[in-house]
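Chemist: File name structure.cif; file contents mmCIF, C-alpha atoms; full text below.
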data_my_file
#
loop_
_atom_site.group_PDB
_atom_site.id
_atom_site.type_symbol
_atom_site.label_atom_id
_atom_site.label_comp_id
_atom_site.auth_asym_id
_atom_site.auth_seq_id
_atom_site.Cartn_x
_atom_site.Cartn_y
_atom_site.Cartn_z
ATOM 1 C CA MET A 1 -30.934 -6.238 -36.005
ATOM 2 C CA ALA A 2 -27.942 -7.144 -38.127
ATOM 3 C CA ARG A 3 -27.985 -6.171 -41.774
ATOM 4 C CA VAL A 4 -30.491 -8.076 -43.854
ATOM 5 C CA LEU A 5 -29.536 -9.086 -47.380
ATOM 6 C CA ARG A 6 -31.575 -9.784 -50.479
ATOM 7 C CA GLY A 7 -32.055 -13.523 -50.920
ATOM 8 C CA GLU A 8 -31.894 -14.359 -47.221
ATOM 9 C CA ILE A 9 -34.552 -16.457 -45.551
ATOM 10 C CA VAL A 10 -35.315 -15.308 -42.008
ATOM 11 C CA TRP A 11 -37.941 -15.999 -39.367
ATOM 12 C CA ALA A 12 -40.599 -13.278 -39.178
ATOM 13 C CA GLU A 13 -43.562 -12.574 -36.950
ATOM 14 C CA LEU A 14 -46.427 -11.801 -39.358
ATOM 15 C CA ASP A 15 -49.282 -11.291 -36.893
ATOM 16 C CA PRO A 16 -51.583 -9.440 -36.793
ATOM 17 C CA THR A 17 -52.997 -10.368 -40.190
ATOM 18 C CA ARG A 18 -56.287 -10.138 -42.045
ATOM 19 C CA GLY A 19 -58.148 -12.300 -44.531
ATOM 20 C CA HIS A 20 -55.961 -14.651 -46.567
ATOM 21 C CA GLU A 21 -52.591 -13.244 -45.451
ATOM 22 C CA GLN A 22 -50.021 -15.734 -44.161
ATOM 23 C CA ALA A 23 -50.065 -15.577 -40.373
ATOM 24 C CA GLY A 24 -47.918 -16.423 -37.391
ATOM 25 C CA GLN A 25 -44.206 -16.909 -37.116
ATOM 26 C CA ARG A 26 -42.817 -18.256 -40.375
ATOM 27 C CA PRO A 27 -39.879 -17.983 -42.713
ATOM 28 C CA VAL A 28 -39.851 -15.199 -45.275
ATOM 29 C CA LEU A 29 -37.609 -14.525 -48.255
ATOM 30 C CA VAL A 30 -36.183 -10.996 -48.347
ATOM 31 C CA ILE A 31 -36.369 -9.559 -51.874
ATOM 32 C CA SER A 32 -35.475 -5.914 -51.193
ATOM 33 C CA HIS A 33 -31.906 -4.660 -51.530
ATOM 34 C CA GLU A 34 -29.662 -4.129 -48.509
ATOM 35 C CA VAL A 35 -29.525 -0.339 -48.926
ATOM 36 C CA PHE A 36 -33.351 -0.151 -48.824
ATOM 37 C CA ASN A 37 -33.493 -2.453 -45.800
ATOM 38 C CA GLN A 38 -30.905 -0.447 -43.896
ATOM 39 C CA ARG A 39 -32.254 3.025 -44.689
ATOM 40 C CA SER A 40 -35.945 2.262 -44.271
ATOM 41 C CA GLY A 41 -35.823 -0.084 -41.286
ATOM 42 C CA THR A 42 -38.102 -2.385 -43.259
ATOM 43 C CA VAL A 43 -37.747 -5.237 -45.734
ATOM 44 C CA ILE A 44 -39.910 -6.379 -48.611
ATOM 45 C CA ALA A 45 -40.411 -10.104 -48.223
ATOM 46 C CA LEU A 46 -42.320 -13.100 -49.551
ATOM 47 C CA ALA A 47 -43.879 -15.611 -47.167
ATOM 48 C CA LEU A 48 -42.860 -19.259 -47.271
ATOM 49 C CA THR A 49 -45.114 -22.218 -46.612
ATOM 50 C CA SER A 50 -44.422 -25.845 -45.765
ATOM 51 C CA ARG A 51 -47.833 -26.906 -47.073
ATOM 52 C CA GLU A 52 -47.436 -28.244 -50.606
ATOM 53 C CA PRO A 53 -49.369 -25.834 -52.823
ATOM 54 C CA ALA A 54 -51.808 -26.814 -55.550
ATOM 55 C CA ALA A 55 -50.532 -23.991 -57.747
ATOM 56 C CA GLY A 56 -47.094 -24.171 -59.298
ATOM 57 C CA PHE A 57 -44.818 -21.566 -60.830
ATOM 58 C CA PRO A 58 -45.220 -18.558 -61.122
ATOM 59 C CA LEU A 59 -47.401 -18.544 -57.969
ATOM 60 C CA THR A 60 -45.074 -20.748 -55.919
ATOM 61 C CA LEU A 61 -41.540 -22.091 -56.172
ATOM 62 C CA GLU A 62 -40.012 -24.845 -54.066
ATOM 63 C CA VAL A 63 -36.871 -23.808 -52.180
ATOM 64 C CA ARG A 64 -34.106 -26.234 -53.060
ATOM 65 C CA SER A 65 -30.854 -24.265 -52.839
ATOM 66 C CA THR A 66 -30.755 -23.996 -49.037
ATOM 67 C CA ARG A 67 -31.614 -26.456 -46.306
ATOM 68 C CA LEU A 68 -34.636 -25.451 -44.236
ATOM 69 C CA PRO A 69 -36.284 -27.231 -41.274
ATOM 70 C CA LYS A 70 -39.160 -28.330 -43.551
ATOM 71 C CA ARG A 71 -39.730 -28.689 -47.279
ATOM 72 C CA SER A 72 -40.790 -25.163 -48.274
ATOM 73 C CA TRP A 73 -42.252 -23.094 -51.096
ATOM 74 C CA VAL A 74 -42.020 -19.348 -51.706
ATOM 75 C CA LYS A 75 -45.467 -17.813 -52.198
ATOM 76 C CA MET A 76 -45.046 -15.024 -54.758
ATOM 77 C CA GLY A 77 -48.532 -13.656 -54.056
ATOM 78 C CA GLN A 78 -47.755 -13.096 -50.348
ATOM 79 C CA VAL A 79 -45.651 -9.929 -50.541
ATOM 80 C CA ARG A 80 -45.205 -8.010 -47.286
ATOM 81 C CA THR A 81 -43.300 -4.953 -46.150
ATOM 82 C CA LEU A 82 -42.090 -5.763 -42.644
ATOM 83 C CA SER A 83 -40.322 -3.756 -39.965
ATOM 84 C CA THR A 84 -36.907 -5.240 -39.258
ATOM 85 C CA GLU A 85 -38.194 -5.487 -35.657
ATOM 86 C CA ARG A 86 -40.407 -8.374 -36.849
ATOM 87 C CA LEU A 87 -37.397 -10.362 -38.101
ATOM 88 C CA GLY A 88 -35.561 -13.091 -36.244
ATOM 89 C CA LYS A 89 -32.944 -15.730 -36.901
ATOM 90 C CA ARG A 90 -31.430 -16.220 -40.353
ATOM 91 C CA LEU A 91 -32.269 -19.650 -41.791
ATOM 92 C CA GLY A 92 -30.391 -19.587 -45.077
ATOM 93 C CA ARG A 93 -29.942 -17.908 -48.410
ATOM 94 C CA LEU A 94 -31.211 -18.736 -51.890
ATOM 95 C CA SER A 95 -28.755 -19.324 -54.689
ATOM 96 C CA PRO A 96 -28.550 -16.436 -57.200
ATOM 97 C CA GLU A 97 -30.269 -18.673 -59.784
ATOM 98 C CA GLU A 98 -33.159 -19.546 -57.487
ATOM 99 C CA LEU A 99 -33.585 -15.914 -56.413
ATOM 100 C CA ALA A 100 -33.711 -14.901 -60.094
ATOM 101 C CA ARG A 101 -36.443 -17.505 -60.647
ATOM 102 C CA VAL A 102 -38.465 -16.135 -57.719
ATOM 103 C CA LEU A 103 -38.164 -12.584 -59.061
ATOM 104 C CA GLU A 104 -39.166 -13.850 -62.523
ATOM 105 C CA GLY A 105 -42.314 -15.410 -61.027
ATOM 106 C CA LEU A 106 -43.134 -12.243 -59.111
ATOM 107 C CA ASN A 107 -42.652 -10.222 -62.281
ATOM 108 C CA GLU A 108 -45.097 -12.490 -64.140
ATOM 109 C CA ILE A 109 -47.705 -11.943 -61.434
ATOM 110 C CA ILE A 110 -47.385 -8.150 -61.303
ATOM 111 C CA GLY A 111 -46.865 -7.746 -65.047
ATOM 112 C CA GLY A 112 -43.423 -6.298 -65.567
#
Spit out the file's structure as structure tokens when you get a sec.
Modeler:
Amino acid sequence: MARVLRGEIVWAELDPTRGHEQAGQRPVLVISHEVFNQRSGTVIALALTSREPAAGFPLTLEVRSTRLPKRSWVKMGQVRTLSTERLGKRLGRLSPEELARVLEGLNEIIGG
């Protein structure tokens, strides 16, 4: 696997899952730093959905800074640590401003 950078959106295989976790093959947003990704062999990522959510920010944020196959939203409540072996093709990268907004939403949820 090539190096994975913070802010990139990549395909990931999320199965097996349990309960309300996002399942299947879907895009995820990598939020962990490159040095963590490289040294640990894992990434910390947020699942994306193409189903328009009922909840808005800070629970979800529409991706607008990069072109994806479908209209998509980052789900801040769907945080996963994934082996880099689960990752596939790179789909795009968020703008620094949009990534900052995602991290702001995540921080609101976890209470930072």
Chemist: Evaluated on this file, the PyMOL selection byres ((chain A and resi 44) around 8) picks out some residues - which ones are they, written as a ChimeraX atom specification?
Modeler: /A:30-32,42-43,45-46,79-82
Chemist: Which residue, A:Gly41, A:Pro53, A:Pro96, A:Gly88, has the smallest gap to Lys75 in chain A when you use only C-alpha atoms?
Modeler: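 That would be A:Pro53, the residue with the smallest distance to Lys75 in chain A.
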Chemist: Which of these, A:Arg86, A:His33, A:Arg26, A:His20, has the shortest distance to Leu48 in chain A once you count all atoms listed in the file?
Modeler: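 Under the stated criterion, the closest residue is A:Arg26.
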Chemist: Restricting the calculation to all atoms listed in the file, which member of A:Gln38, A:Leu68, A:Phe57, A:Ala23 is positioned closest to Asn107 in chain A?
Modeler: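 Under the stated criterion, the closest residue is A:Phe57.
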Chemist: So what does the PyMOL selection byres ((chain A and resi 34) around 8) actually pick up in this one, as a list in words?
Modeler: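 Applied to this file, the PyMOL selection byres ((chain A and resi 34) around 8) selects Arg3, Val4, Leu5, Arg6, Ser32, His33, Val35, Phe36, Asn37 and Gln38 of chain A.
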Chemist: Evaluate the PyMOL selection byres ((chain A and resi 62) around 9) and record the selected residues as a PDB file with C-alpha atoms, keeping the file's coordinate frame, following the chain and residue labels used in the document.
Modeler:
ATOM      1  CA  GLU A  52     -47.436 -28.244 -50.606  1.00  0.00           C
ATOM      2  CA  GLY A  56     -47.094 -24.171 -59.298  1.00  0.00           C
ATOM      3  CA  PHE A  57     -44.818 -21.566 -60.830  1.00  0.00           C
ATOM      4  CA  THR A  60     -45.074 -20.748 -55.919  1.00  0.00           C
ATOM      5  CA  LEU A  61     -41.540 -22.091 -56.172  1.00  0.00           C
ATOM      6  CA  VAL A  63     -36.871 -23.808 -52.180  1.00  0.00           C
ATOM      7  CA  ARG A  64     -34.106 -26.234 -53.060  1.00  0.00           C
ATOM      8  CA  ARG A  71     -39.730 -28.689 -47.279  1.00  0.00           C
ATOM      9  CA  SER A  72     -40.790 -25.163 -48.274  1.00  0.00           C
ATOM     10  CA  TRP A  73     -42.252 -23.094 -51.096  1.00  0.00           C
ATOM     11  CA  VAL A  74     -42.020 -19.348 -51.706  1.00  0.00           C
TER      12      VAL A  74
END
Chemist: What does the structure give for the distance between CA of Ser83 in chain A and CA of Ala55 in chain A, in Å to one decimal?
Modeler: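 These two atoms are separated by 28.8 Å.
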Chemist: Set the distance at 8 Å and use only C-alpha atoms: which residues neighbour range 97-101 of chain A once local chain neighbours fewer than 4 positions away are removed? I'd like the list as number ranges by chain.
Modeler: A: 7, 63, 65, 105
Chemist: Rebuild range 43-79 of chain A so that it carries N, CA and C atoms, then output the result as a short mmCIF file (atom, residue, chain, number, x, y, z; two decimals), keeping the file's coordinate frame.
Modeler:
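Listed below is the output, out28.cif:
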data_model
loop_
_atom_site.label_atom_id
_atom_site.label_comp_id
_atom_site.auth_asym_id
_atom_site.auth_seq_id
_atom_site.Cartn_x
_atom_site.Cartn_y
_atom_site.Cartn_z
N VAL A 43 -38.13 -4.38 -44.62
CA VAL A 43 -37.75 -5.24 -45.73
C VAL A 43 -39.00 -5.57 -46.52
N ILE A 44 -38.82 -5.85 -47.80
CA ILE A 44 -39.91 -6.38 -48.61
C ILE A 44 -39.64 -7.87 -48.72
N ALA A 45 -40.63 -8.67 -48.34
CA ALA A 45 -40.41 -10.10 -48.22
C ALA A 45 -41.59 -10.90 -48.76
N LEU A 46 -41.31 -12.15 -49.10
CA LEU A 46 -42.32 -13.10 -49.55
C LEU A 46 -42.44 -14.20 -48.51
N ALA A 47 -43.66 -14.56 -48.15
CA ALA A 47 -43.88 -15.61 -47.17
C ALA A 47 -43.54 -16.97 -47.76
N LEU A 48 -43.09 -17.87 -46.90
CA LEU A 48 -42.86 -19.26 -47.27
C LEU A 48 -43.92 -20.12 -46.60
N THR A 49 -44.19 -21.26 -47.19
CA THR A 49 -45.11 -22.22 -46.61
C THR A 49 -44.50 -23.60 -46.68
N SER A 50 -44.86 -24.45 -45.73
CA SER A 50 -44.42 -25.84 -45.76
C SER A 50 -45.55 -26.75 -46.26
N ARG A 51 -46.70 -26.15 -46.54
CA ARG A 51 -47.83 -26.91 -47.07
C ARG A 51 -47.72 -26.93 -48.59
N GLU A 52 -47.62 -28.13 -49.16
CA GLU A 52 -47.44 -28.24 -50.61
C GLU A 52 -48.60 -27.58 -51.33
N PRO A 53 -48.30 -26.59 -52.16
CA PRO A 53 -49.37 -25.83 -52.82
C PRO A 53 -49.94 -26.58 -54.04
N ALA A 54 -51.19 -26.26 -54.35
CA ALA A 54 -51.81 -26.81 -55.55
C ALA A 54 -51.29 -26.09 -56.79
N ALA A 55 -51.01 -24.81 -56.63
CA ALA A 55 -50.53 -23.99 -57.75
C ALA A 55 -49.02 -24.09 -57.85
N GLY A 56 -48.54 -24.14 -59.07
CA GLY A 56 -47.09 -24.17 -59.30
C GLY A 56 -46.57 -22.80 -59.69
N PHE A 57 -45.44 -22.80 -60.36
CA PHE A 57 -44.82 -21.57 -60.83
C PHE A 57 -45.74 -20.89 -61.84
N PRO A 58 -45.95 -19.60 -61.84
CA PRO A 58 -45.22 -18.56 -61.12
C PRO A 58 -45.78 -18.20 -59.75
N LEU A 59 -46.83 -18.90 -59.27
CA LEU A 59 -47.40 -18.54 -57.97
C LEU A 59 -46.57 -19.05 -56.79
N THR A 60 -45.92 -20.20 -56.97
CA THR A 60 -45.07 -20.75 -55.92
C THR A 60 -43.82 -21.34 -56.54
N LEU A 61 -42.77 -21.46 -55.73
CA LEU A 61 -41.54 -22.09 -56.17
C LEU A 61 -40.93 -22.81 -54.98
N GLU A 62 -40.62 -24.09 -55.15
CA GLU A 62 -40.01 -24.84 -54.07
C GLU A 62 -38.58 -24.36 -53.83
N VAL A 63 -38.23 -24.20 -52.56
CA VAL A 63 -36.87 -23.81 -52.18
C VAL A 63 -36.01 -25.06 -52.16
N ARG A 64 -34.98 -25.06 -52.99
CA ARG A 64 -34.11 -26.23 -53.06
C ARG A 64 -32.64 -25.91 -52.82
N SER A 65 -32.28 -24.62 -52.90
CA SER A 65 -30.85 -24.26 -52.84
C SER A 65 -30.33 -24.09 -51.42
N THR A 66 -31.20 -24.11 -50.43
CA THR A 66 -30.76 -24.00 -49.04
C THR A 66 -31.57 -24.96 -48.19
N ARG A 67 -30.95 -25.48 -47.18
CA ARG A 67 -31.61 -26.46 -46.31
C ARG A 67 -32.44 -25.73 -45.25
N LEU A 68 -33.72 -26.03 -45.21
CA LEU A 68 -34.64 -25.45 -44.24
C LEU A 68 -35.18 -26.56 -43.34
N PRO A 69 -35.76 -26.20 -42.18
CA PRO A 69 -36.28 -27.23 -41.27
C PRO A 69 -37.36 -28.12 -41.91
N LYS A 70 -38.11 -27.57 -42.85
CA LYS A 70 -39.16 -28.33 -43.55
C LYS A 70 -39.06 -28.04 -45.04
N ARG A 71 -39.60 -28.95 -45.85
CA ARG A 71 -39.73 -28.69 -47.28
C ARG A 71 -40.59 -27.44 -47.42
N SER A 72 -40.13 -26.48 -48.25
CA SER A 72 -40.79 -25.16 -48.27
C SER A 72 -40.94 -24.62 -49.68
N TRP A 73 -41.97 -23.77 -49.84
CA TRP A 73 -42.25 -23.09 -51.10
C TRP A 73 -42.38 -21.60 -50.84
N VAL A 74 -41.84 -20.80 -51.74
CA VAL A 74 -42.02 -19.35 -51.71
C VAL A 74 -43.37 -19.05 -52.35
N LYS A 75 -44.16 -18.20 -51.69
CA LYS A 75 -45.47 -17.81 -52.20
C LYS A 75 -45.36 -16.41 -52.79
N MET A 76 -45.25 -16.31 -54.12
CA MET A 76 -45.05 -15.02 -54.76
C MET A 76 -46.20 -14.05 -54.55
N GLY A 77 -47.38 -14.53 -54.28
CA GLY A 77 -48.53 -13.66 -54.06
C GLY A 77 -48.63 -13.12 -52.64
N GLN A 78 -47.72 -13.53 -51.75
CA GLN A 78 -47.76 -13.10 -50.35
C GLN A 78 -46.59 -12.14 -50.07
N VAL A 79 -46.68 -10.96 -50.68
CA VAL A 79 -45.65 -9.93 -50.54
C VAL A 79 -45.99 -9.07 -49.33
#
